[in-house]
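**Student:** Here you go, structure_7.txt (compact mmCIF, N, CA and C atoms):
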```
# COMPACT_ATOMS: atom_id res chain seq x y z
N MET A 1473 0.85 -1.18 0.00
CA MET A 1473 0.00 0.00 0.00
C MET A 1473 0.88 1.22 0.00
N ALA A 1474 0.57 2.14 -0.89
CA ALA A 1474 1.33 3.39 -0.96
C ALA A 1474 0.91 4.32 0.16
N ILE A 1475 1.89 5.01 0.75
CA ILE A 1475 1.60 5.94 1.84
C ILE A 1475 1.03 7.22 1.25
N GLY A 1476 -0.10 7.67 1.80
CA GLY A 1476 -0.72 8.90 1.34
C GLY A 1476 -1.53 8.76 0.06
N ARG A 1477 -1.58 7.59 -0.49
CA ARG A 1477 -2.38 7.39 -1.70
C ARG A 1477 -3.22 6.13 -1.54
N GLU A 1478 -4.38 6.19 -2.08
CA GLU A 1478 -5.18 4.98 -2.12
C GLU A 1478 -4.84 4.23 -3.40
N ILE A 1479 -4.80 2.96 -3.28
CA ILE A 1479 -4.51 2.15 -4.47
C ILE A 1479 -5.79 2.03 -5.28
N TYR A 1480 -5.68 2.38 -6.54
CA TYR A 1480 -6.82 2.28 -7.46
C TYR A 1480 -6.79 0.91 -8.11
N ASN A 1481 -7.80 0.15 -7.85
CA ASN A 1481 -7.89 -1.20 -8.39
C ASN A 1481 -9.26 -1.36 -9.05
N PRO A 1482 -9.38 -0.90 -10.30
CA PRO A 1482 -10.70 -0.95 -10.95
C PRO A 1482 -11.12 -2.38 -11.27
N LYS A 1483 -12.42 -2.57 -11.29
CA LYS A 1483 -12.96 -3.86 -11.72
C LYS A 1483 -12.89 -3.90 -13.24
N PRO A 1484 -12.61 -5.06 -13.79
CA PRO A 1484 -12.57 -5.15 -15.26
C PRO A 1484 -13.93 -4.82 -15.85
N MET A 1485 -13.90 -4.03 -16.92
CA MET A 1485 -15.14 -3.67 -17.60
C MET A 1485 -15.47 -4.71 -18.64
N LYS A 1486 -16.73 -4.99 -18.77
CA LYS A 1486 -17.19 -5.90 -19.81
C LYS A 1486 -17.41 -5.06 -21.06
N VAL A 1487 -16.60 -5.27 -22.04
CA VAL A 1487 -16.68 -4.50 -23.27
C VAL A 1487 -17.41 -5.34 -24.32
N SER A 1488 -18.44 -4.77 -24.86
CA SER A 1488 -19.20 -5.45 -25.90
C SER A 1488 -18.54 -5.17 -27.24
N LYS A 1489 -18.16 -6.21 -27.93
CA LYS A 1489 -17.46 -6.07 -29.19
C LYS A 1489 -18.33 -6.66 -30.31
N THR A 1490 -18.51 -5.90 -31.34
CA THR A 1490 -19.29 -6.39 -32.47
C THR A 1490 -18.41 -7.31 -33.31
N VAL A 1491 -18.97 -8.44 -33.65
CA VAL A 1491 -18.29 -9.40 -34.51
C VAL A 1491 -19.09 -9.47 -35.81
N TYR A 1492 -18.39 -9.42 -36.91
CA TYR A 1492 -19.02 -9.49 -38.22
C TYR A 1492 -18.73 -10.87 -38.79
N SER A 1493 -19.78 -11.56 -39.20
CA SER A 1493 -19.64 -12.93 -39.68
C SER A 1493 -19.96 -13.05 -41.16
N VAL A 1494 -19.13 -13.77 -41.86
CA VAL A 1494 -19.43 -14.22 -43.22
C VAL A 1494 -19.89 -15.66 -43.06
N TYR A 1495 -21.02 -15.98 -43.68
CA TYR A 1495 -21.58 -17.31 -43.45
C TYR A 1495 -22.08 -17.91 -44.76
N ILE A 1496 -22.15 -19.24 -44.73
CA ILE A 1496 -22.69 -19.98 -45.89
C ILE A 1496 -23.82 -20.86 -45.38
N LEU A 1497 -24.96 -20.71 -46.04
CA LEU A 1497 -26.14 -21.53 -45.76
C LEU A 1497 -26.38 -22.47 -46.93
N THR A 1498 -27.09 -23.54 -46.66
CA THR A 1498 -27.50 -24.45 -47.71
C THR A 1498 -28.93 -24.91 -47.42
N ASN A 1499 -29.50 -25.64 -48.37
CA ASN A 1499 -30.83 -26.22 -48.18
C ASN A 1499 -30.69 -27.64 -47.62
N TYR A 1500 -31.80 -28.27 -47.36
CA TYR A 1500 -31.79 -29.61 -46.76
C TYR A 1500 -31.00 -30.62 -47.60
N ASP A 1501 -31.14 -30.55 -48.92
CA ASP A 1501 -30.46 -31.48 -49.81
C ASP A 1501 -29.02 -31.08 -50.12
N LYS A 1502 -28.61 -29.92 -49.62
CA LYS A 1502 -27.24 -29.41 -49.79
C LYS A 1502 -26.90 -29.17 -51.26
N THR A 1503 -27.89 -28.72 -52.02
CA THR A 1503 -27.67 -28.47 -53.44
C THR A 1503 -27.53 -26.98 -53.77
N VAL A 1504 -27.90 -26.12 -52.85
CA VAL A 1504 -27.86 -24.67 -53.07
C VAL A 1504 -27.02 -24.03 -51.97
N LEU A 1505 -26.20 -23.04 -52.33
CA LEU A 1505 -25.43 -22.30 -51.35
C LEU A 1505 -25.82 -20.83 -51.37
N TYR A 1506 -25.80 -20.23 -50.20
CA TYR A 1506 -26.05 -18.79 -50.05
C TYR A 1506 -24.94 -18.22 -49.17
N ILE A 1507 -24.31 -17.15 -49.61
CA ILE A 1507 -23.26 -16.50 -48.84
C ILE A 1507 -23.79 -15.15 -48.37
N GLY A 1508 -23.61 -14.88 -47.08
CA GLY A 1508 -24.09 -13.62 -46.52
C GLY A 1508 -23.11 -13.07 -45.49
N VAL A 1509 -23.40 -11.85 -45.02
CA VAL A 1509 -22.60 -11.20 -43.99
C VAL A 1509 -23.56 -10.55 -43.00
N THR A 1510 -23.21 -10.57 -41.72
CA THR A 1510 -24.09 -10.03 -40.69
C THR A 1510 -23.27 -9.63 -39.46
N ASN A 1511 -23.87 -8.79 -38.63
CA ASN A 1511 -23.22 -8.44 -37.36
C ASN A 1511 -23.84 -9.21 -36.20
N ASN A 1512 -24.77 -10.13 -36.49
CA ASN A 1512 -25.37 -10.97 -35.46
C ASN A 1512 -25.81 -12.27 -36.12
N LEU A 1513 -24.92 -13.22 -36.18
CA LEU A 1513 -25.18 -14.45 -36.91
C LEU A 1513 -26.36 -15.23 -36.33
N GLU A 1514 -26.44 -15.28 -35.02
CA GLU A 1514 -27.53 -16.03 -34.40
C GLU A 1514 -28.89 -15.47 -34.81
N GLN A 1515 -29.03 -14.16 -34.70
CA GLN A 1515 -30.30 -13.52 -35.06
C GLN A 1515 -30.58 -13.67 -36.55
N ARG A 1516 -29.56 -13.57 -37.37
CA ARG A 1516 -29.76 -13.66 -38.82
C ARG A 1516 -30.24 -15.06 -39.22
N LEU A 1517 -29.73 -16.09 -38.56
CA LEU A 1517 -30.19 -17.45 -38.85
C LEU A 1517 -31.67 -17.60 -38.53
N VAL A 1518 -32.09 -17.02 -37.41
CA VAL A 1518 -33.50 -17.07 -37.03
C VAL A 1518 -34.34 -16.33 -38.07
N GLU A 1519 -33.87 -15.19 -38.52
CA GLU A 1519 -34.61 -14.42 -39.54
C GLU A 1519 -34.75 -15.21 -40.83
N HIS A 1520 -33.68 -15.87 -41.27
CA HIS A 1520 -33.77 -16.71 -42.47
C HIS A 1520 -34.81 -17.82 -42.26
N TYR A 1521 -34.80 -18.42 -41.09
CA TYR A 1521 -35.74 -19.51 -40.79
C TYR A 1521 -37.18 -19.02 -40.85
N LEU A 1522 -37.46 -17.89 -40.22
CA LEU A 1522 -38.82 -17.36 -40.19
C LEU A 1522 -39.28 -16.88 -41.56
N GLU A 1523 -38.35 -16.41 -42.35
CA GLU A 1523 -38.67 -15.90 -43.68
C GLU A 1523 -39.12 -17.00 -44.63
N LYS A 1524 -38.66 -18.23 -44.39
CA LYS A 1524 -38.98 -19.33 -45.32
C LYS A 1524 -40.47 -19.62 -45.41
N ASP A 1525 -41.22 -19.33 -44.35
CA ASP A 1525 -42.66 -19.60 -44.34
C ASP A 1525 -43.50 -18.39 -44.72
N ASN A 1526 -42.85 -17.30 -45.08
CA ASN A 1526 -43.57 -16.08 -45.45
C ASN A 1526 -43.92 -16.15 -46.94
N PRO A 1527 -45.21 -16.27 -47.27
CA PRO A 1527 -45.60 -16.40 -48.68
C PRO A 1527 -45.33 -15.13 -49.49
N LEU A 1528 -45.12 -14.01 -48.84
CA LEU A 1528 -44.85 -12.75 -49.54
C LEU A 1528 -43.37 -12.52 -49.80
N SER A 1529 -42.53 -13.36 -49.24
CA SER A 1529 -41.09 -13.18 -49.39
C SER A 1529 -40.61 -13.69 -50.74
N ASN A 1530 -39.83 -12.86 -51.41
CA ASN A 1530 -39.22 -13.26 -52.67
C ASN A 1530 -37.72 -13.41 -52.53
N SER A 1531 -37.24 -13.54 -51.30
CA SER A 1531 -35.79 -13.63 -51.09
C SER A 1531 -35.26 -14.96 -51.60
N PHE A 1532 -34.00 -14.96 -51.96
CA PHE A 1532 -33.33 -16.17 -52.43
C PHE A 1532 -33.44 -17.29 -51.39
N THR A 1533 -33.18 -16.95 -50.12
CA THR A 1533 -33.18 -17.97 -49.08
C THR A 1533 -34.56 -18.58 -48.86
N SER A 1534 -35.61 -17.77 -48.97
CA SER A 1534 -36.95 -18.33 -48.79
C SER A 1534 -37.39 -19.13 -50.01
N LEU A 1535 -37.04 -18.67 -51.20
CA LEU A 1535 -37.43 -19.39 -52.42
C LEU A 1535 -36.78 -20.78 -52.50
N TYR A 1536 -35.55 -20.88 -52.02
CA TYR A 1536 -34.81 -22.15 -52.11
C TYR A 1536 -34.67 -22.85 -50.77
N ASN A 1537 -35.38 -22.35 -49.75
CA ASN A 1537 -35.38 -22.96 -48.41
C ASN A 1537 -33.96 -23.14 -47.87
N VAL A 1538 -33.17 -22.09 -48.01
CA VAL A 1538 -31.77 -22.11 -47.62
C VAL A 1538 -31.67 -21.55 -46.20
N ILE A 1539 -31.64 -22.47 -45.20
CA ILE A 1539 -31.66 -22.03 -43.80
C ILE A 1539 -30.62 -22.74 -42.93
N SER A 1540 -29.85 -23.65 -43.51
CA SER A 1540 -28.94 -24.47 -42.71
C SER A 1540 -27.50 -23.97 -42.83
N LEU A 1541 -26.92 -23.60 -41.70
CA LEU A 1541 -25.56 -23.09 -41.64
C LEU A 1541 -24.56 -24.23 -41.81
N VAL A 1542 -23.62 -24.06 -42.75
CA VAL A 1542 -22.57 -25.06 -42.93
C VAL A 1542 -21.17 -24.48 -42.76
N TYR A 1543 -21.06 -23.14 -42.73
CA TYR A 1543 -19.75 -22.50 -42.61
C TYR A 1543 -19.92 -21.08 -42.12
N HIS A 1544 -18.95 -20.62 -41.31
CA HIS A 1544 -18.90 -19.20 -40.96
C HIS A 1544 -17.50 -18.85 -40.50
N GLU A 1545 -17.15 -17.59 -40.69
CA GLU A 1545 -15.89 -17.05 -40.21
C GLU A 1545 -16.15 -15.64 -39.71
N ASP A 1546 -15.41 -15.22 -38.69
CA ASP A 1546 -15.66 -13.95 -38.02
C ASP A 1546 -14.57 -12.93 -38.27
N TYR A 1547 -14.98 -11.66 -38.27
CA TYR A 1547 -14.08 -10.53 -38.50
C TYR A 1547 -14.36 -9.43 -37.49
N ASP A 1548 -13.32 -8.69 -37.19
CA ASP A 1548 -13.45 -7.55 -36.28
C ASP A 1548 -13.98 -6.31 -37.00
N TYR A 1549 -13.74 -6.22 -38.29
CA TYR A 1549 -14.11 -5.03 -39.04
C TYR A 1549 -15.08 -5.38 -40.16
N VAL A 1550 -16.12 -4.57 -40.27
CA VAL A 1550 -17.17 -4.83 -41.26
C VAL A 1550 -16.62 -4.80 -42.68
N ASN A 1551 -15.68 -3.91 -42.97
CA ASN A 1551 -15.12 -3.84 -44.32
C ASN A 1551 -14.42 -5.13 -44.71
N ASP A 1552 -13.73 -5.75 -43.74
CA ASP A 1552 -13.07 -7.03 -44.02
C ASP A 1552 -14.09 -8.12 -44.30
N ALA A 1553 -15.17 -8.13 -43.53
CA ALA A 1553 -16.22 -9.14 -43.73
C ALA A 1553 -16.90 -8.97 -45.08
N ILE A 1554 -17.20 -7.75 -45.45
CA ILE A 1554 -17.86 -7.49 -46.74
C ILE A 1554 -16.94 -7.88 -47.89
N ALA A 1555 -15.67 -7.55 -47.77
CA ALA A 1555 -14.71 -7.90 -48.82
C ALA A 1555 -14.61 -9.43 -48.97
N ARG A 1556 -14.60 -10.12 -47.86
CA ARG A 1556 -14.52 -11.59 -47.90
C ARG A 1556 -15.79 -12.19 -48.51
N GLU A 1557 -16.95 -11.64 -48.14
CA GLU A 1557 -18.21 -12.12 -48.72
C GLU A 1557 -18.18 -11.96 -50.24
N LYS A 1558 -17.76 -10.80 -50.70
CA LYS A 1558 -17.70 -10.55 -52.15
C LYS A 1558 -16.71 -11.50 -52.84
N GLU A 1559 -15.58 -11.76 -52.16
CA GLU A 1559 -14.59 -12.67 -52.72
C GLU A 1559 -15.17 -14.07 -52.88
N ILE A 1560 -15.80 -14.58 -51.84
CA ILE A 1560 -16.35 -15.94 -51.88
C ILE A 1560 -17.48 -16.04 -52.91
N LYS A 1561 -18.30 -15.01 -53.01
CA LYS A 1561 -19.40 -15.05 -53.98
C LYS A 1561 -18.92 -15.20 -55.42
N LYS A 1562 -17.72 -14.75 -55.70
CA LYS A 1562 -17.17 -14.83 -57.06
C LYS A 1562 -16.62 -16.22 -57.39
N TRP A 1563 -16.41 -17.03 -56.37
CA TRP A 1563 -15.81 -18.35 -56.58
C TRP A 1563 -16.78 -19.31 -57.26
N ARG A 1564 -16.19 -20.30 -57.93
CA ARG A 1564 -16.97 -21.41 -58.47
C ARG A 1564 -17.41 -22.32 -57.32
N ARG A 1565 -18.40 -23.12 -57.56
CA ARG A 1565 -18.96 -24.00 -56.53
C ARG A 1565 -17.90 -24.91 -55.91
N GLU A 1566 -17.00 -25.44 -56.73
CA GLU A 1566 -15.98 -26.36 -56.22
C GLU A 1566 -15.10 -25.70 -55.17
N LYS A 1567 -14.74 -24.46 -55.38
CA LYS A 1567 -13.88 -23.74 -54.44
C LYS A 1567 -14.65 -23.44 -53.14
N LYS A 1568 -15.92 -23.13 -53.26
CA LYS A 1568 -16.75 -22.91 -52.07
C LYS A 1568 -16.87 -24.21 -51.27
N ASP A 1569 -17.03 -25.31 -51.97
CA ASP A 1569 -17.12 -26.61 -51.30
C ASP A 1569 -15.83 -26.92 -50.54
N LYS A 1570 -14.69 -26.61 -51.12
CA LYS A 1570 -13.41 -26.84 -50.44
C LYS A 1570 -13.28 -25.97 -49.20
N LEU A 1571 -13.78 -24.75 -49.27
CA LEU A 1571 -13.76 -23.86 -48.11
C LEU A 1571 -14.61 -24.45 -46.99
N ILE A 1572 -15.80 -24.88 -47.31
CA ILE A 1572 -16.68 -25.50 -46.31
C ILE A 1572 -16.00 -26.71 -45.68
N ASP A 1573 -15.34 -27.51 -46.51
CA ASP A 1573 -14.67 -28.73 -46.04
C ASP A 1573 -13.55 -28.44 -45.03
N THR A 1574 -12.99 -27.22 -45.05
CA THR A 1574 -11.90 -26.91 -44.11
C THR A 1574 -12.36 -26.95 -42.66
N ILE A 1575 -13.65 -26.64 -42.40
CA ILE A 1575 -14.14 -26.69 -41.02
C ILE A 1575 -15.30 -27.67 -40.83
N ASN A 1576 -15.91 -28.10 -41.93
CA ASN A 1576 -17.10 -28.93 -41.82
C ASN A 1576 -17.16 -29.96 -42.95
N PRO A 1577 -16.22 -30.90 -42.97
CA PRO A 1577 -16.15 -31.86 -44.08
C PRO A 1577 -17.37 -32.77 -44.19
N LYS A 1578 -18.09 -32.98 -43.10
CA LYS A 1578 -19.29 -33.83 -43.15
C LYS A 1578 -20.53 -33.03 -43.56
N ARG A 1579 -20.38 -31.73 -43.70
CA ARG A 1579 -21.49 -30.84 -44.06
C ARG A 1579 -22.63 -30.92 -43.06
N ASP A 1580 -22.26 -31.03 -41.78
CA ASP A 1580 -23.27 -31.00 -40.72
C ASP A 1580 -23.93 -29.63 -40.69
N PHE A 1581 -25.19 -29.60 -40.31
CA PHE A 1581 -25.88 -28.33 -40.12
C PHE A 1581 -25.47 -27.79 -38.75
N LEU A 1582 -24.94 -26.59 -38.71
CA LEU A 1582 -24.35 -26.02 -37.50
C LEU A 1582 -25.31 -25.12 -36.71
N ASN A 1583 -26.54 -25.03 -37.13
CA ASN A 1583 -27.50 -24.13 -36.48
C ASN A 1583 -27.66 -24.43 -34.99
N LYS A 1584 -27.90 -25.69 -34.67
CA LYS A 1584 -28.13 -26.06 -33.27
C LYS A 1584 -26.86 -25.86 -32.44
N GLU A 1585 -25.72 -26.18 -33.02
CA GLU A 1585 -24.44 -25.99 -32.32
C GLU A 1585 -24.24 -24.51 -31.97
N LEU A 1586 -24.60 -23.64 -32.87
CA LEU A 1586 -24.40 -22.21 -32.64
C LEU A 1586 -25.47 -21.61 -31.73
N LEU A 1587 -26.72 -22.01 -31.93
CA LEU A 1587 -27.83 -21.39 -31.21
C LEU A 1587 -28.22 -22.13 -29.93
N GLY A 1588 -27.88 -23.39 -29.83
CA GLY A 1588 -28.29 -24.16 -28.66
C GLY A 1588 -29.63 -24.85 -28.83
N GLU A 1589 -30.44 -24.36 -29.72
CA GLU A 1589 -31.72 -25.01 -30.05
C GLU A 1589 -32.03 -24.72 -31.51
N TRP A 1590 -32.66 -25.69 -32.15
CA TRP A 1590 -33.06 -25.51 -33.54
C TRP A 1590 -34.15 -26.49 -33.84
N PRO A 1591 -35.26 -26.10 -34.43
CA PRO A 1591 -35.55 -24.74 -34.89
C PRO A 1591 -35.83 -23.78 -33.73
N PRO A 1592 -35.73 -22.48 -34.00
CA PRO A 1592 -35.94 -21.50 -32.92
C PRO A 1592 -37.38 -21.49 -32.45
N LYS A 1593 -37.56 -21.20 -31.16
CA LYS A 1593 -38.90 -21.15 -30.59
C LYS A 1593 -39.57 -19.80 -30.79
N ASP A 1594 -38.76 -18.77 -31.00
CA ASP A 1594 -39.32 -17.44 -31.25
C ASP A 1594 -38.43 -16.70 -32.23
N GLY A 1595 -38.82 -15.49 -32.58
CA GLY A 1595 -38.12 -14.73 -33.60
C GLY A 1595 -36.98 -13.89 -33.08
N TYR A 1596 -36.63 -14.05 -31.82
CA TYR A 1596 -35.56 -13.22 -31.27
C TYR A 1596 -34.56 -14.10 -30.58
N HIS A 1597 -33.31 -13.99 -30.95
CA HIS A 1597 -32.29 -14.81 -30.31
C HIS A 1597 -30.99 -14.03 -30.24
N ARG A 1598 -30.51 -13.82 -29.05
CA ARG A 1598 -29.19 -13.23 -28.84
C ARG A 1598 -28.57 -13.95 -27.67
N LYS A 1599 -27.32 -14.31 -27.81
CA LYS A 1599 -26.63 -14.97 -26.71
C LYS A 1599 -26.52 -14.04 -25.51
N GLY A 1600 -26.74 -14.58 -24.35
CA GLY A 1600 -26.55 -13.82 -23.12
C GLY A 1600 -27.72 -12.97 -22.72
N TYR A 1601 -28.83 -13.04 -23.45
CA TYR A 1601 -30.01 -12.23 -23.09
C TYR A 1601 -31.13 -13.12 -22.61
```
So that I can check it, write out the structure of this file as structure tokens.
**Tutor:**
Amino acid sequence: MAIGREIYNPKPMKVSKTVYSVYILTNYDKTVLYIGVTNNLEQRLVEHYLEKDNPLSNSFTSLYNVISLVYHEDYDYVNDAIAREKEIKKWRREKKDKLIDTINPKRDFLNKELLGEWPPKDGYHRKGY
């Protein structure tokens, strides 16, 4: 203890950091791929799932029932994530398949692993809330 001074010992602050994810979804038969980017992967997966039953939706994911996560990678900066998404979208199917194989060679659906439950029970999902 310092004489004449109080020791300052702050509690660690919990800093919320945004993570930007590039992700690849597929359909049940694994014949279609969709590449996207988001700042909340868990919530975005739920949105894709809920959108599939919306008869007014004309989105690619709802038209082709693309709701199953097979790959994702995270970035600290949104510009890096967007650049990576654009890069992957330009690739041929074979190269995308090789990328998926680097982390998921069995092509397991990763939704439940990421969210803890699948299909979602409601339209809102955020870890820690």
**Student:** Can you measure atom CA of A:Leu1522 to atom CA of A:Val1538 for me? One decimal in Å is fine.
**Tutor:** 11.3 Å
**Student:** Give the helix (DSSP H, G or I) residues of chain A, as assigned by DSSP on the backbone, as a ChimeraX atom specification.
**Tutor:** /A:1513-1523,1532-1535,1550-1562,1565-1575,1583-1587
**Student:** Please report the interatomic distance between atom CA of A:Tyr1549 and atom C of A:Asn1576 in Å with one decimal.
**Tutor:**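 One can read the atom CA of A:Tyr1549 to atom C of A:Asn1576 distance as 25.4 Å.
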**Student:** Would you mind telling me which residue in A:Tyr1506, A:Phe1532, A:Phe1581, A:Tyr1500 lies nearest to A:Lys1558 when using only C-alpha atoms?
**Tutor:** A:Tyr1506
**Student:** When you count only C-alpha atoms, which of these residues is closest to A:Pro1577: A:Val1494, A:Thr1533, A:Val1542, A:His1520?
**Tutor:**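 Of the candidates, the smallest distance to A:Pro1577 is held by A:Val1542.
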**Student:** Can you work out which one of A:Thr1503, A:Asn1526, A:Ser1493, A:Asn1512 has the shortest atom-to-atom distance to A:Tyr1547, counting only C-alpha atoms?
**Tutor:**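 Looking only at the distances to A:Tyr1547, the closest residue turns out to be A:Ser1493.
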**Student:** Out of chain A, which residues get strand (DSSP E or B) from DSSP, as a list in words?
**Tutor:**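 Written out, the strand (DSSP E or B) residues of chain A are Tyr1492, Ser1493, Val1494, Tyr1495, Ile1496, Leu1497, Thr1498, Leu1505, Tyr1506, Ile1507, Gly1508, Val1509, Thr1510, Ser1540, Leu1541, Val1542, Tyr1543, His1544, Glu1545, Asp1546 and Tyr1547 of chain A.
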**Student:** Quick one: write out the picked residues with N, CA and C atoms as a JSON list (two decimals), in the coordinates of the input?
**Tutor:**
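Just written: again.json:
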```
[["chain", "number", "residue", "atom", "x", "y", "z"],
["A", 1492, "TYR", "N", -18.39, -9.42, -36.91],
["A", 1492, "TYR", "CA", -19.02, -9.49, -38.22],
["A", 1492, "TYR", "C", -18.73, -10.87, -38.79],
["A", 1493, "SER", "N", -19.78, -11.56, -39.20],
["A", 1493, "SER", "CA", -19.64, -12.93, -39.68],
["A", 1493, "SER", "C", -19.96, -13.05, -41.16],
["A", 1494, "VAL", "N", -19.13, -13.77, -41.86],
["A", 1494, "VAL", "CA", -19.43, -14.22, -43.22],
["A", 1494, "VAL", "C", -19.89, -15.66, -43.06],
["A", 1495, "TYR", "N", -21.02, -15.98, -43.68],
["A", 1495, "TYR", "CA", -21.58, -17.31, -43.45],
["A", 1495, "TYR", "C", -22.08, -17.91, -44.76],
["A", 1496, "ILE", "N", -22.15, -19.24, -44.73],
["A", 1496, "ILE", "CA", -22.69, -19.98, -45.89],
["A", 1496, "ILE", "C", -23.82, -20.86, -45.38],
["A", 1497, "LEU", "N", -24.96, -20.71, -46.04],
["A", 1497, "LEU", "CA", -26.14, -21.53, -45.76],
["A", 1497, "LEU", "C", -26.38, -22.47, -46.93],
["A", 1498, "THR", "N", -27.09, -23.54, -46.66],
["A", 1498, "THR", "CA", -27.50, -24.45, -47.71],
["A", 1498, "THR", "C", -28.93, -24.91, -47.42],
["A", 1505, "LEU", "N", -26.20, -23.04, -52.33],
["A", 1505, "LEU", "CA", -25.43, -22.30, -51.35],
["A", 1505, "LEU", "C", -25.82, -20.83, -51.37],
["A", 1506, "TYR", "N", -25.80, -20.23, -50.20],
["A", 1506, "TYR", "CA", -26.05, -18.79, -50.05],
["A", 1506, "TYR", "C", -24.94, -18.22, -49.17],
["A", 1507, "ILE", "N", -24.31, -17.15, -49.61],
["A", 1507, "ILE", "CA", -23.26, -16.50, -48.84],
["A", 1507, "ILE", "C", -23.79, -15.15, -48.37],
["A", 1508, "GLY", "N", -23.61, -14.88, -47.08],
["A", 1508, "GLY", "CA", -24.09, -13.62, -46.52],
["A", 1508, "GLY", "C", -23.11, -13.07, -45.49],
["A", 1509, "VAL", "N", -23.40, -11.85, -45.02],
["A", 1509, "VAL", "CA", -22.60, -11.20, -43.99],
["A", 1509, "VAL", "C", -23.56, -10.55, -43.00],
["A", 1510, "THR", "N", -23.21, -10.57, -41.72],
["A", 1510, "THR", "CA", -24.09, -10.03, -40.69],
["A", 1510, "THR", "C", -23.27, -9.63, -39.46],
["A", 1540, "SER", "N", -29.85, -23.65, -43.51],
["A", 1540, "SER", "CA", -28.94, -24.47, -42.71],
["A", 1540, "SER", "C", -27.50, -23.97, -42.83],
["A", 1541, "LEU", "N", -26.92, -23.60, -41.70],
["A", 1541, "LEU", "CA", -25.56, -23.09, -41.64],
["A", 1541, "LEU", "C", -24.56, -24.23, -41.81],
["A", 1542, "VAL", "N", -23.62, -24.06, -42.75],
["A", 1542, "VAL", "CA", -22.57, -25.06, -42.93],
["A", 1542, "VAL", "C", -21.17, -24.48, -42.76],
["A", 1543, "TYR", "N", -21.06, -23.14, -42.73],
["A", 1543, "TYR", "CA", -19.75, -22.50, -42.61],
["A", 1543, "TYR", "C", -19.92, -21.08, -42.12],
["A", 1544, "HIS", "N", -18.95, -20.62, -41.31],
["A", 1544, "HIS", "CA", -18.90, -19.20, -40.96],
["A", 1544, "HIS", "C", -17.50, -18.85, -40.50],
["A", 1545, "GLU", "N", -17.15, -17.59, -40.69],
["A", 1545, "GLU", "CA", -15.89, -17.05, -40.21],
["A", 1545, "GLU", "C", -16.15, -15.64, -39.71],
["A", 1546, "ASP", "N", -15.41, -15.22, -38.69],
["A", 1546, "ASP", "CA", -15.66, -13.95, -38.02],
["A", 1546, "ASP", "C", -14.57, -12.93, -38.27],
["A", 1547, "TYR", "N", -14.98, -11.66, -38.27],
["A", 1547, "TYR", "CA", -14.08, -10.53, -38.50],
["A", 1547, "TYR", "C", -14.36, -9.43, -37.49]]
```
**Student:** Counting only C-alpha atoms, find residues at most 8 Å from (-25.9, -27.7, -47.8) (file frame) and give them as a list of chain:residue names.
**Tutor:**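 Selection result: A:Leu1497, A:Thr1498, A:Asn1499, A:Tyr1500, A:Asp1501, A:Lys1502, A:Thr1503, A:Val1504, A:Leu1505, A:Ser1540, A:Leu1541, A:Val1542, A:Arg1579, A:Phe1581.
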**Student:** Using atom CA of A:Arg1564 and atom C of A:Tyr1492 as the two end points, give the distance in Å to one decimal.
**Tutor:**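 It comes out at 22.4 Å.
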**Student:** Return the single residue from A:Lys1568, A:Ile1554, A:Ser1531, A:Lys1562 that is closest to A:Ile1496, with distances computed using only C-alpha atoms.
**Tutor:**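 Under the stated criterion, the closest residue is A:Lys1568.
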**Student:** Quick one: everything within 9 Å of A:Glu1557, counting only C-alpha atoms, minus sequence neighbours fewer than 5 positions away in the same chain. Send it as a PyMOL selection string.
**Tutor:** chain A and resi 1494-1495+1507-1509+1552+1562
**Student:** Build an axis-aligned box that encloses every atom of stretch 1564-1571 of chain A listed in the file, pad it by 5 Å on each side, and report its centre and edge lengths in Å to one decimal, as AutoDock Vina command-line options.
**Tutor:**
```
--center_x -16.1 --center_y -23.6 --center_z -52.7 --size_x 15.7 --size_y 16.6 --size_z 21.5
```
